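Source file data.tsv; content: TSV, C-alpha atoms.
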```
chain	number	residue	atom	x	y	z
A	933	MET	CA	-0.67	2.30	28.63
A	934	GLU	CA	2.04	4.56	30.06
A	935	LYS	CA	2.12	8.20	28.97
A	936	MET	CA	4.74	9.00	26.42
A	937	ASP	CA	5.50	11.90	24.17
A	938	ASN	CA	4.89	11.78	20.42
A	939	LYS	CA	8.53	11.32	19.53
A	940	THR	CA	8.91	8.22	21.68
A	941	LEU	CA	5.67	6.84	20.25
A	942	TYR	CA	6.81	7.38	16.66
A	943	ILE	CA	10.18	5.78	17.34
A	944	LYS	CA	8.55	2.76	18.96
A	945	LEU	CA	6.06	2.40	16.10
A	946	PHE	CA	8.85	2.62	13.54
A	947	LYS	CA	11.12	0.18	15.34
A	948	SER	CA	8.37	-2.40	15.84
A	949	THR	CA	7.20	-2.42	12.21
A	950	PHE	CA	10.76	-2.20	10.83
A	951	PHE	CA	11.99	-5.23	12.74
A	952	LEU	CA	8.89	-7.29	11.97
A	953	SER	CA	9.30	-6.63	8.25
A	954	MET	CA	13.08	-7.11	8.39
A	955	PHE	CA	13.14	-10.51	10.03
A	956	THR	CA	9.89	-12.22	9.10
A	957	PHE	CA	9.86	-14.72	6.24
A	958	GLY	CA	6.63	-15.78	4.56
A	959	GLY	CA	4.88	-12.51	3.75
A	960	GLY	CA	1.74	-10.96	5.21
A	961	TYR	CA	0.08	-14.10	6.53
A	962	VAL	CA	3.05	-14.58	8.87
A	963	ILE	CA	3.77	-10.90	9.63
A	964	VAL	CA	0.20	-9.97	10.63
A	965	PRO	CA	-0.10	-12.53	13.48
A	966	LEU	CA	3.30	-11.33	14.76
A	967	MET	CA	2.06	-7.71	14.67
A	968	GLU	CA	-0.90	-8.83	16.75
A	969	LYS	CA	1.45	-10.45	19.26
A	970	LYS	CA	3.66	-7.35	19.40
A	971	PHE	CA	1.00	-4.65	19.77
A	972	VAL	CA	-1.60	-6.60	21.77
A	973	ASN	CA	0.41	-8.89	24.02
A	974	GLU	CA	3.84	-7.28	24.37
A	975	LEU	CA	3.13	-3.55	24.19
A	976	GLY	CA	-0.55	-3.73	25.26
A	977	TRP	CA	-1.40	-0.70	23.10
A	978	ILE	CA	-4.40	-2.23	21.34
A	979	ASN	CA	-6.90	-4.69	22.81
A	980	GLU	CA	-7.55	-8.09	21.28
A	981	ASP	CA	-11.04	-7.34	19.85
A	982	GLU	CA	-9.99	-4.10	18.25
A	983	MET	CA	-6.94	-5.79	16.73
A	984	LEU	CA	-9.17	-8.44	15.14
A	985	ASP	CA	-11.25	-5.63	13.60
A	986	LEU	CA	-8.11	-3.92	12.30
A	987	ILE	CA	-6.90	-7.20	10.75
A	988	ALA	CA	-10.30	-7.72	9.07
A	989	LEU	CA	-10.15	-4.14	7.81
A	990	GLY	CA	-6.61	-4.67	6.47
A	991	GLN	CA	-7.79	-7.72	4.57
A	992	SER	CA	-10.75	-5.78	3.15
A	993	SER	CA	-8.50	-3.17	1.55
A	994	PRO	CA	-6.54	-3.63	-1.66
A	995	GLY	CA	-2.76	-3.96	-1.39
A	996	PRO	CA	-0.36	-6.07	0.67
A	997	ILE	CA	-2.06	-7.03	3.95
A	998	ALA	CA	1.08	-6.53	6.05
A	999	VAL	CA	1.33	-2.96	4.75
A	1000	ASN	CA	-2.41	-2.38	5.27
A	1001	THR	CA	-2.33	-3.69	8.83
A	1002	SER	CA	0.74	-1.61	9.71
A	1003	ILE	CA	-1.00	1.52	8.37
A	1004	LEU	CA	-4.06	0.74	10.50
A	1005	ILE	CA	-1.97	0.26	13.63
A	1006	GLY	CA	-0.11	3.54	13.01
A	1007	TYR	CA	-3.37	5.38	12.33
A	1008	ARG	CA	-5.01	3.94	15.44
A	1009	MET	CA	-2.05	4.96	17.65
A	1010	ALA	CA	-1.16	8.38	16.22
A	1011	GLY	CA	-3.39	9.36	13.30
A	1012	VAL	CA	-2.07	10.13	9.82
A	1013	PRO	CA	1.56	10.82	10.96
A	1014	GLY	CA	1.52	7.49	12.82
A	1015	ALA	CA	0.39	5.71	9.65
A	1016	MET	CA	3.23	7.33	7.69
A	1017	VAL	CA	5.75	6.13	10.28
A	1018	THR	CA	4.51	2.51	10.30
A	1019	VAL	CA	4.21	2.26	6.50
A	1020	LEU	CA	7.82	3.44	6.18
A	1021	GLY	CA	8.90	0.94	8.82
A	1022	THR	CA	7.26	-1.85	6.84
A	1023	ILE	CA	8.50	-0.99	3.34
A	1024	LEU	CA	12.07	0.15	4.06
A	1025	PRO	CA	13.54	-3.30	4.91
A	1026	PRO	CA	12.33	-4.94	1.66
A	1027	LEU	CA	13.44	-1.84	-0.25
A	1028	PHE	CA	17.01	-2.20	1.04
A	1029	ILE	CA	17.18	-5.99	0.87
A	1030	MET	CA	15.65	-6.37	-2.59
A	1031	THR	CA	17.74	-3.54	-4.06
A	1032	ALA	CA	20.90	-5.28	-2.85
A	1033	LEU	CA	19.59	-8.61	-4.09
A	1034	ALA	CA	18.87	-7.16	-7.52
A	1035	TYR	CA	22.57	-6.36	-7.88
A	1036	ILE	CA	23.65	-9.78	-6.67
A	1037	TYR	CA	21.12	-11.37	-9.05
A	1038	ILE	CA	22.56	-9.59	-12.08
A	1039	ALA	CA	26.09	-10.62	-11.05
A	1040	VAL	CA	25.39	-14.32	-10.43
A	1041	ARG	CA	22.36	-15.17	-12.64
A	1042	ASP	CA	24.52	-16.76	-15.33
A	1043	ASN	CA	26.57	-18.84	-12.91
A	1044	ALA	CA	25.84	-22.53	-13.61
A	1045	ILE	CA	25.22	-23.54	-9.99
A	1046	VAL	CA	23.02	-20.50	-9.25
A	1047	ASN	CA	21.10	-21.29	-12.40
A	1048	ASN	CA	20.55	-24.89	-11.25
A	1049	VAL	CA	19.43	-23.78	-7.79
A	1050	LEU	CA	16.94	-21.29	-9.31
A	1051	LEU	CA	15.70	-23.95	-11.73
A	1052	GLY	CA	15.04	-26.27	-8.79
A	1053	MET	CA	13.25	-23.47	-6.92
A	1054	GLN	CA	10.95	-22.85	-9.91
A	1055	ALA	CA	9.30	-26.20	-9.22
A	1056	GLY	CA	9.04	-25.18	-5.54
A	1057	VAL	CA	7.41	-21.86	-6.38
A	1058	ALA	CA	4.96	-23.59	-8.74
A	1059	ALA	CA	4.06	-26.00	-5.91
A	1060	ILE	CA	3.58	-23.12	-3.42
A	1061	ILE	CA	1.17	-21.33	-5.79
A	1062	VAL	CA	-0.75	-24.50	-6.63
A	1063	ASN	CA	-1.06	-25.18	-2.90
A	1064	VAL	CA	-2.31	-21.62	-2.22
A	1065	VAL	CA	-4.89	-21.90	-5.01
A	1066	TYR	CA	-6.03	-25.31	-3.75
A	1067	ASN	CA	-6.52	-24.00	-0.18
A	1068	MET	CA	-8.32	-20.84	-1.30
A	1069	GLY	CA	-10.49	-22.70	-3.82
A	1070	LYS	CA	-11.44	-25.34	-1.26
A	1071	ARG	CA	-12.61	-22.64	1.14
A	1072	ILE	CA	-15.00	-21.33	-1.56
A	1073	VAL	CA	-16.27	-24.76	-2.62
A	1074	VAL	CA	-16.97	-26.11	0.90
A	1075	GLN	CA	-19.37	-23.20	1.58
A	1076	LYS	CA	-21.62	-24.87	-1.01
A	1077	LYS	CA	-23.04	-21.54	-2.16
A	1078	ILE	CA	-23.91	-21.45	-5.82
A	1079	ILE	CA	-23.03	-17.80	-6.67
A	1080	PRO	CA	-19.38	-17.79	-5.48
A	1081	ILE	CA	-18.71	-21.12	-7.21
A	1082	LEU	CA	-20.22	-19.85	-10.48
A	1083	VAL	CA	-18.24	-16.58	-10.24
A	1084	MET	CA	-15.04	-18.59	-9.68
A	1085	ILE	CA	-15.64	-20.84	-12.71
A	1086	ALA	CA	-16.69	-17.91	-14.91
A	1087	ALA	CA	-13.60	-15.87	-13.90
A	1088	LEU	CA	-11.35	-18.88	-14.54
A	1089	VAL	CA	-12.71	-19.38	-18.07
A	1090	ALA	CA	-12.76	-15.64	-18.84
A	1091	GLY	CA	-9.21	-15.17	-17.52
A	1092	ILE	CA	-7.47	-18.22	-18.99
A	1093	VAL	CA	-9.38	-18.93	-22.22
A	1094	TYR	CA	-10.53	-15.45	-23.23
A	1095	GLN	CA	-7.76	-13.42	-21.51
A	1096	VAL	CA	-10.31	-10.88	-20.28
A	1097	ASN	CA	-8.72	-7.88	-18.51
A	1098	ILE	CA	-8.42	-8.52	-14.77
A	1099	LEU	CA	-9.99	-5.16	-13.89
A	1100	TRP	CA	-13.25	-6.12	-15.67
A	1101	LEU	CA	-13.36	-9.41	-13.81
A	1102	LEU	CA	-12.85	-7.63	-10.47
A	1103	LEU	CA	-15.50	-5.03	-11.29
A	1104	PHE	CA	-18.00	-7.72	-12.32
A	1105	SER	CA	-17.47	-9.84	-9.20
A	1106	GLY	CA	-17.44	-6.74	-6.96
A	1107	ILE	CA	-20.86	-5.74	-8.29
A	1108	ILE	CA	-22.16	-9.26	-7.60
A	1109	GLY	CA	-20.78	-8.99	-4.07
A	1110	ALA	CA	-22.49	-5.62	-3.56
A	1111	LEU	CA	-25.85	-6.91	-4.89
A	1112	THR	CA	-25.65	-10.02	-2.70
A	1113	THR	CA	-24.94	-7.84	0.35
A	1114	ILE	CA	-27.86	-5.49	-0.42
A	1115	TRP	CA	-30.14	-8.48	-0.89
A	1116	LYS	CA	-28.97	-9.99	2.41
A	1117	LEU	CA	-29.40	-6.69	4.31
A	1118	THR	CA	-32.95	-6.08	3.01
A	1119	HIS	CA	-33.82	-9.74	3.57
A	1120	GLU	CA	-32.67	-9.60	7.20
A	1121	ASP	CA	-34.65	-6.37	7.71
A	1122	ASN	CA	-37.80	-8.12	6.47
A	1123	GLU	CA	-37.23	-10.97	8.88
A	1124	VAL	CA	-36.91	-8.52	11.76
A	1125	GLU	CA	-40.14	-6.77	10.71
A	1126	ARG	CA	-42.03	-10.05	10.54
A	1127	LYS	CA	-41.08	-10.77	14.14
B	1093	MET	CA	8.75	8.73	-19.25
B	1094	ILE	CA	9.64	5.28	-17.98
B	1095	TYR	CA	9.49	6.18	-14.27
B	1096	TRP	CA	6.01	7.63	-14.59
B	1097	GLU	CA	4.81	4.55	-16.51
B	1098	LEU	CA	6.43	2.33	-13.90
B	1099	PHE	CA	4.71	4.28	-11.13
B	1100	LEU	CA	1.30	4.02	-12.83
B	1101	SER	CA	1.69	0.29	-13.45
B	1102	PHE	CA	2.55	-0.42	-9.83
B	1103	PHE	CA	-0.10	1.98	-8.54
B	1104	GLN	CA	-2.63	-0.08	-10.49
B	1105	ILE	CA	-1.18	-3.33	-9.13
B	1106	GLY	CA	-1.45	-2.03	-5.53
B	1107	MET	CA	-4.91	-0.59	-6.11
B	1108	PHE	CA	-6.50	-3.79	-7.42
B	1109	SER	CA	-4.78	-6.58	-5.51
B	1110	PHE	CA	-7.55	-7.64	-3.15
B	1111	GLY	CA	-6.34	-10.38	-0.84
B	1112	GLY	CA	-2.65	-9.86	-0.12
B	1113	GLY	CA	0.55	-10.59	-2.01
B	1114	TYR	CA	-0.61	-13.52	-4.11
B	1115	ALA	CA	-3.50	-11.45	-5.47
B	1116	ALA	CA	-0.90	-9.09	-6.93
B	1117	LEU	CA	0.59	-11.88	-9.08
B	1118	PRO	CA	-2.03	-11.93	-11.87
B	1119	LEU	CA	-1.85	-8.12	-12.02
B	1120	ILE	CA	1.96	-8.15	-12.18
B	1121	GLU	CA	1.73	-10.77	-14.93
B	1122	GLN	CA	-0.84	-8.77	-16.91
B	1123	GLU	CA	0.86	-5.38	-16.51
B	1124	LEU	CA	4.56	-6.21	-16.69
B	1125	ILE	CA	4.53	-9.14	-19.14
B	1126	SER	CA	1.46	-8.76	-21.38
B	1127	VAL	CA	0.77	-5.02	-21.50
B	1128	GLN	CA	4.22	-3.42	-21.05
B	1129	GLY	CA	6.49	-6.30	-22.08
B	1130	TRP	CA	9.04	-5.22	-19.46
B	1131	ILE	CA	9.84	-8.69	-18.15
B	1132	THR	CA	9.72	-12.30	-19.41
B	1133	ASN	CA	7.92	-15.31	-17.86
B	1134	GLN	CA	11.28	-16.54	-16.67
B	1135	GLN	CA	12.04	-13.25	-14.89
B	1136	PHE	CA	8.53	-13.29	-13.41
B	1137	ILE	CA	9.25	-16.65	-11.76
B	1138	ASP	CA	12.67	-15.47	-10.57
B	1139	ILE	CA	11.04	-12.38	-9.04
B	1140	LEU	CA	8.55	-14.57	-7.21
B	1141	THR	CA	11.26	-17.02	-6.14
B	1142	LEU	CA	13.43	-14.27	-4.63
B	1143	SER	CA	10.40	-12.61	-3.00
B	1144	GLU	CA	9.56	-15.89	-1.26
B	1145	MET	CA	13.18	-16.32	-0.17
B	1146	THR	CA	13.50	-12.94	1.51
B	1147	PRO	CA	11.77	-11.48	4.59
B	1148	GLY	CA	9.03	-8.85	4.33
B	1149	PRO	CA	5.69	-8.56	2.49
B	1150	ILE	CA	5.87	-10.52	-0.79
B	1151	ALA	CA	4.20	-7.82	-2.92
B	1152	ILE	CA	6.68	-5.17	-1.71
B	1153	ASN	CA	9.62	-7.51	-2.34
B	1154	ALA	CA	8.32	-8.21	-5.84
B	1155	ALA	CA	7.76	-4.49	-6.58
B	1156	THR	CA	11.22	-3.39	-5.43
B	1157	PHE	CA	12.92	-6.20	-7.32
B	1158	SER	CA	10.92	-5.79	-10.56
B	1159	GLY	CA	11.45	-2.03	-10.57
B	1160	ASN	CA	15.17	-2.63	-10.15
B	1161	GLN	CA	15.16	-5.16	-12.99
B	1162	ILE	CA	13.31	-2.76	-15.28
B	1163	THR	CA	15.21	0.50	-14.76
B	1164	GLY	CA	17.65	0.23	-11.86
B	1165	VAL	CA	17.67	1.45	-8.25
B	1166	PHE	CA	15.41	4.45	-8.76
B	1167	GLY	CA	12.96	2.21	-10.62
B	1168	GLY	CA	12.83	-0.03	-7.54
B	1169	VAL	CA	12.03	2.95	-5.32
B	1170	VAL	CA	9.34	4.24	-7.73
B	1171	ALA	CA	7.70	0.78	-8.04
B	1172	THR	CA	7.67	0.36	-4.26
B	1173	ILE	CA	6.09	3.77	-3.70
B	1174	GLY	CA	3.57	3.06	-6.48
B	1175	VAL	CA	2.45	-0.26	-5.04
B	1176	THR	CA	2.18	1.17	-1.49
B	1177	LEU	CA	0.43	4.48	-2.17
B	1178	PRO	CA	-3.08	3.06	-2.86
B	1179	SER	CA	-2.93	1.28	0.52
B	1180	VAL	CA	-1.87	4.46	2.27
B	1181	ILE	CA	-4.88	6.33	0.84
B	1182	ILE	CA	-7.60	3.67	0.83
B	1183	VAL	CA	-6.77	2.05	4.17
B	1184	GLN	CA	-6.85	5.39	6.00
B	1185	LEU	CA	-10.17	6.30	4.39
B	1186	LEU	CA	-11.61	2.94	5.46
B	1187	ALA	CA	-10.12	3.38	8.94
B	1188	TYR	CA	-11.70	6.83	9.22
B	1189	PHE	CA	-15.15	5.45	8.39
B	1190	TYR	CA	-14.62	2.43	10.55
B	1191	PHE	CA	-13.71	4.46	13.66
B	1192	LYS	CA	-16.62	6.81	12.94
B	1193	TYR	CA	-19.39	4.31	12.21
B	1194	LYS	CA	-17.94	0.97	13.39
B	1195	ASN	CA	-19.62	-0.58	10.36
B	1196	ILE	CA	-18.10	-1.71	7.09
B	1197	THR	CA	-20.70	-4.36	6.10
B	1198	MET	CA	-20.93	-3.13	2.52
B	1199	VAL	CA	-17.15	-3.07	2.02
B	1200	GLN	CA	-16.85	-6.58	3.47
B	1201	GLY	CA	-19.73	-7.75	1.25
B	1202	ILE	CA	-17.98	-6.52	-1.88
B	1203	ILE	CA	-14.72	-8.15	-0.75
B	1204	GLN	CA	-16.53	-11.45	-0.21
B	1205	GLY	CA	-17.90	-11.14	-3.74
B	1206	LEU	CA	-14.38	-10.53	-5.06
B	1207	ARG	CA	-12.83	-13.53	-3.34
B	1208	PRO	CA	-13.91	-16.25	-5.84
B	1209	ALA	CA	-12.70	-14.10	-8.76
B	1210	VAL	CA	-9.39	-13.46	-6.97
B	1211	VAL	CA	-8.90	-17.22	-6.49
B	1212	ALA	CA	-9.54	-17.74	-10.21
B	1213	LEU	CA	-7.06	-14.97	-11.10
B	1214	ILE	CA	-4.34	-16.41	-8.87
B	1215	ALA	CA	-5.06	-19.82	-10.46
B	1216	SER	CA	-4.56	-18.26	-13.88
B	1217	ALA	CA	-1.20	-16.72	-12.88
B	1218	GLY	CA	-0.38	-20.03	-11.17
B	1219	LEU	CA	-0.94	-21.85	-14.46
B	1220	THR	CA	1.61	-19.60	-16.20
B	1221	ILE	CA	4.10	-20.24	-13.39
B	1222	PHE	CA	3.44	-24.00	-13.38
B	1223	LEU	CA	3.81	-24.35	-17.15
B	1224	THR	CA	6.98	-22.23	-17.19
B	1225	ALA	CA	8.47	-24.39	-14.43
B	1226	MET	CA	7.59	-27.60	-16.30
B	1227	PHE	CA	8.16	-26.61	-19.94
B	1228	GLY	CA	10.44	-23.54	-19.78
B	1229	HIS	CA	7.66	-21.37	-21.28
B	1230	SER	CA	3.87	-21.12	-21.20
B	1231	ASP	CA	3.00	-20.51	-24.85
B	1232	TRP	CA	0.65	-22.89	-26.63
B	1233	PRO	CA	1.15	-25.38	-28.14
B	1234	LEU	CA	3.19	-27.16	-25.48
B	1235	ASP	CA	5.50	-29.89	-26.75
B	1236	LEU	CA	5.73	-32.94	-24.46
B	1237	GLY	CA	9.34	-33.30	-25.61
B	1238	GLU	CA	10.14	-30.09	-23.73
B	1239	LEU	CA	8.72	-31.42	-20.47
B	1240	ASN	CA	11.29	-31.27	-17.64
B	1241	TYR	CA	10.84	-34.54	-15.72
B	1242	VAL	CA	13.16	-33.50	-12.89
B	1243	SER	CA	10.98	-30.47	-12.31
B	1244	ILE	CA	7.87	-32.68	-12.05
B	1245	VAL	CA	9.57	-34.79	-9.37
B	1246	PHE	CA	10.61	-31.66	-7.40
B	1247	PHE	CA	7.08	-30.30	-7.74
B	1248	ALA	CA	5.63	-33.57	-6.38
B	1249	ILE	CA	8.10	-33.58	-3.46
B	1250	ALA	CA	7.20	-29.96	-2.61
B	1251	ILE	CA	3.44	-30.64	-2.71
B	1252	PHE	CA	3.93	-33.74	-0.55
B	1253	LEU	CA	5.99	-31.81	2.06
B	1254	MET	CA	3.40	-29.01	2.25
B	1255	ARG	CA	0.29	-31.23	2.42
B	1256	LYS	CA	1.75	-33.94	4.65
B	1257	PHE	CA	4.14	-32.03	6.91
B	1258	LYS	CA	2.79	-28.48	6.52
B	1259	ALA	CA	6.21	-27.33	5.26
B	1260	SER	CA	6.41	-23.52	5.02
B	1261	PRO	CA	7.22	-21.76	1.71
B	1262	ILE	CA	10.74	-20.87	2.88
B	1263	HIS	CA	11.48	-24.55	3.68
B	1264	VAL	CA	10.11	-25.61	0.29
B	1265	MET	CA	12.38	-23.07	-1.41
B	1266	ILE	CA	15.47	-24.24	0.50
B	1267	ILE	CA	14.75	-27.91	-0.22
B	1268	THR	CA	13.94	-27.53	-3.95
B	1269	GLY	CA	16.87	-25.11	-4.36
B	1270	THR	CA	19.30	-27.57	-2.77
B	1271	LEU	CA	17.89	-30.45	-4.83
B	1272	GLY	CA	18.19	-28.33	-7.99
B	1273	GLY	CA	21.79	-27.41	-7.18
B	1274	ILE	CA	22.72	-31.09	-6.74
B	1275	VAL	CA	20.58	-32.90	-9.35
B	1276	TYR	CA	20.93	-30.47	-12.26
B	1277	SER	CA	24.70	-30.20	-11.67
B	1278	LEU	CA	25.03	-34.00	-11.86
B	1279	ILE	CA	22.96	-34.65	-14.99
```
Take the structure in this file and express it as structure tokens.
Amino acid sequence: MEKMDNKTLYIKLFKSTFFLSMFTFGGGYVIVPLMEKKFVNELGWINEDEMLDLIALGQSSPGPIAVNTSILIGYRMAGVPGAMVTVLGTILPPLFIMTALAYIYIAVRDNAIVNNVLLGMQAGVAAIIVNVVYNMGKRIVVQKKIIPILVMIAALVAGIVYQVNILWLLLFSGIIGALTTIWKLTHEDNEVERK
Amino acid sequence: MIYWELFLSFFQIGMFSFGGGYAALPLIEQELISVQGWITNQQFIDILTLSEMTPGPIAINAATFSGNQITGVFGGVVATIGVTLPSVIIVQLLAYFYFKYKNITMVQGIIQGLRPAVVALIASAGLTIFLTAMFGHSDWPLDLGELNYVSIVFFAIAIFLMRKFKASPIHVMIITGTLGGIVYSLI
């Protein structure tokens, strides 16, 4: 990596994240691979293995994964100020675009044609969500592990039938995740000792 | 004060959406529709539709747009900051520990435990969206007389295009939007 002063680094970080957020359709699952391409292959600032760790870390944190990953890249390159620069780069384009769109929406929502187009898109959005749920659910079911499948069914019933608050469901499943991890860690330790 | 409430709602949404933009949907539904009553089911779907149609992270798009819908431009800014701030704090804390210890087994374990619940929550929000698209609302009891048959056909076409030809969300939106513009204008 060539030497550069802080200002140049900040500008490059901002520009890269701003343009990725500005011109990428499809949300985080599309933006993150493009970030990898930009920072690993084009700029060569971060090596492949470390980038994979950063992506895993971004997916392990709450919040939008594109935002999380951009914060991690900024932090890795230039600490807390770097993270501030990249998070701004990522959220400013949607902030501008969606604010403008909100005005257009109010102006044209009652137009008959716009209304018909949005009505058609509702079916499309429903299909996209059903497809996402199907893919995510399949990934849990094919592991054939009893605990995750039970948690999924329990959360489904609790959420839809009993309208249990989402935060309780997350807390409950998080505790199960923690207990399973502790069990696994101690179990693996025992195996090592036996050898 | 509305801005403070808006900030807190979106802070909560950002803080507890584990698993990207779609994981924010059940939280947006719970907070903005059920708890606060700021938006309707119909607006919720429109927010999601426009967030899918525009570039950028879906959760940020949805936050900016909902904030704007609720209290105008400043509301959009407040909602966006609210949804982003938890990431800014938590991600840097995690990054600090990661670069120090190179080990986040416990965090990843908890996240793995959360995943099945997150899928169930997205499914629950998905059910609201599906029913609203098919019936115009999602309140029980649902009357079969209100079922929109055109919407079912569009839904089937969209599923077919995604499963068979791996159509991306933006393509699905363009196709169903065009179909809607033509078919609904003719009937």
Restrict the distance test to only C-alpha atoms, flag each residue of chain B within 6 Å of chain A, and return the flagged residues as a VMD selection string. chain B and resid 1106 to 1110 1112 to 1113 1147 to 1150 1153 1156 to 1157 1179 1201 to 1202 1205 to 1206 1208 to 1209 1212 1215 to 1216 1218 1221 to 1222 1225 1243 1246 to 1247 1250 to 1251 1264 to 1265 1268 to 1269 1272 to 1273 1276
Open item on the list: As an exercise, work out the distance from CA of Ile1162 (chain B) to CA of Ile1131 (chain B) in Å and give it to one decimal place.
Closed with: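 Distance between the two atoms: 7.4 Å.
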Correct to one decimal, the distance CA of His1119 (chain A)-CA of Phe1191 (chain B) is 26.6 Å
In Å and to one decimal, CA of Tyr1188 (chain B) is distant from CA of Glu968 (chain A) by 20.5 Å
Got a sec to write region 1112-1118 of chain A of the block to a file, all heavy atoms, as a tab-separated table (two decimals), in the first residue's frame?
```tsv
chain	number	residue	atom	x	y	z
A	1112	THR	N	-25.81	-23.05	24.15
A	1112	THR	CA	-25.31	-24.04	23.21
A	1112	THR	C	-23.81	-23.85	22.97
A	1112	THR	O	-23.05	-24.82	22.91
A	1112	THR	CB	-26.05	-23.92	21.85
A	1112	THR	OG1	-27.40	-23.61	22.11
A	1112	THR	CG2	-25.97	-25.20	21.07
A	1113	THR	N	-23.38	-22.59	22.86
A	1113	THR	CA	-21.96	-22.31	22.62
A	1113	THR	C	-21.11	-22.74	23.81
A	1113	THR	O	-20.05	-23.37	23.64
A	1113	THR	CB	-21.74	-20.80	22.35
A	1113	THR	OG1	-22.71	-20.36	21.41
A	1113	THR	CG2	-20.36	-20.53	21.82
A	1114	ILE	N	-21.59	-22.42	25.03
A	1114	ILE	CA	-20.84	-22.82	26.24
A	1114	ILE	C	-20.73	-24.34	26.30
A	1114	ILE	O	-19.66	-24.89	26.53
A	1114	ILE	CB	-21.56	-22.28	27.52
A	1114	ILE	CG1	-21.46	-20.76	27.56
A	1114	ILE	CG2	-20.95	-22.89	28.78
A	1114	ILE	CD1	-22.35	-20.11	28.61
A	1115	TRP	N	-21.84	-25.00	26.02
A	1115	TRP	CA	-21.85	-26.47	26.04
A	1115	TRP	C	-20.84	-27.01	25.04
A	1115	TRP	O	-20.04	-27.89	25.35
A	1115	TRP	CB	-23.25	-26.99	25.70
A	1115	TRP	CG	-23.38	-28.46	25.90
A	1115	TRP	CD1	-23.60	-29.12	27.06
A	1115	TRP	CD2	-23.27	-29.47	24.89
A	1115	TRP	NE1	-23.65	-30.48	26.84
A	1115	TRP	CE2	-23.44	-30.71	25.52
A	1115	TRP	CE3	-23.04	-29.44	23.50
A	1115	TRP	CZ2	-23.39	-31.93	24.82
A	1115	TRP	CZ3	-22.99	-30.64	22.80
A	1115	TRP	CH2	-23.16	-31.88	23.46
A	1116	LYS	N	-20.87	-26.45	23.82
A	1116	LYS	CA	-19.94	-26.90	22.77
A	1116	LYS	C	-18.49	-26.69	23.20
A	1116	LYS	O	-17.64	-27.56	23.03
A	1116	LYS	CB	-20.21	-26.11	21.49
A	1116	LYS	CG	-20.96	-26.88	20.44
A	1116	LYS	CD	-20.92	-26.12	19.13
A	1116	LYS	CE	-22.28	-26.07	18.48
A	1116	LYS	NZ	-22.45	-24.90	17.61
A	1117	LEU	N	-18.19	-25.49	23.75
A	1117	LEU	CA	-16.81	-25.15	24.14
A	1117	LEU	C	-16.31	-26.11	25.21
A	1117	LEU	O	-15.20	-26.64	25.11
A	1117	LEU	CB	-16.73	-23.70	24.63
A	1117	LEU	CG	-16.89	-22.63	23.56
A	1117	LEU	CD1	-16.90	-21.25	24.19
A	1117	LEU	CD2	-15.77	-22.72	22.52
A	1118	THR	N	-17.13	-26.35	26.26
A	1118	THR	CA	-16.69	-27.24	27.34
A	1118	THR	C	-16.58	-28.67	26.82
A	1118	THR	O	-15.67	-29.41	27.18
A	1118	THR	CB	-17.69	-27.21	28.52
A	1118	THR	OG1	-19.00	-27.41	28.01
A	1118	THR	CG2	-17.63	-25.91	29.26
```
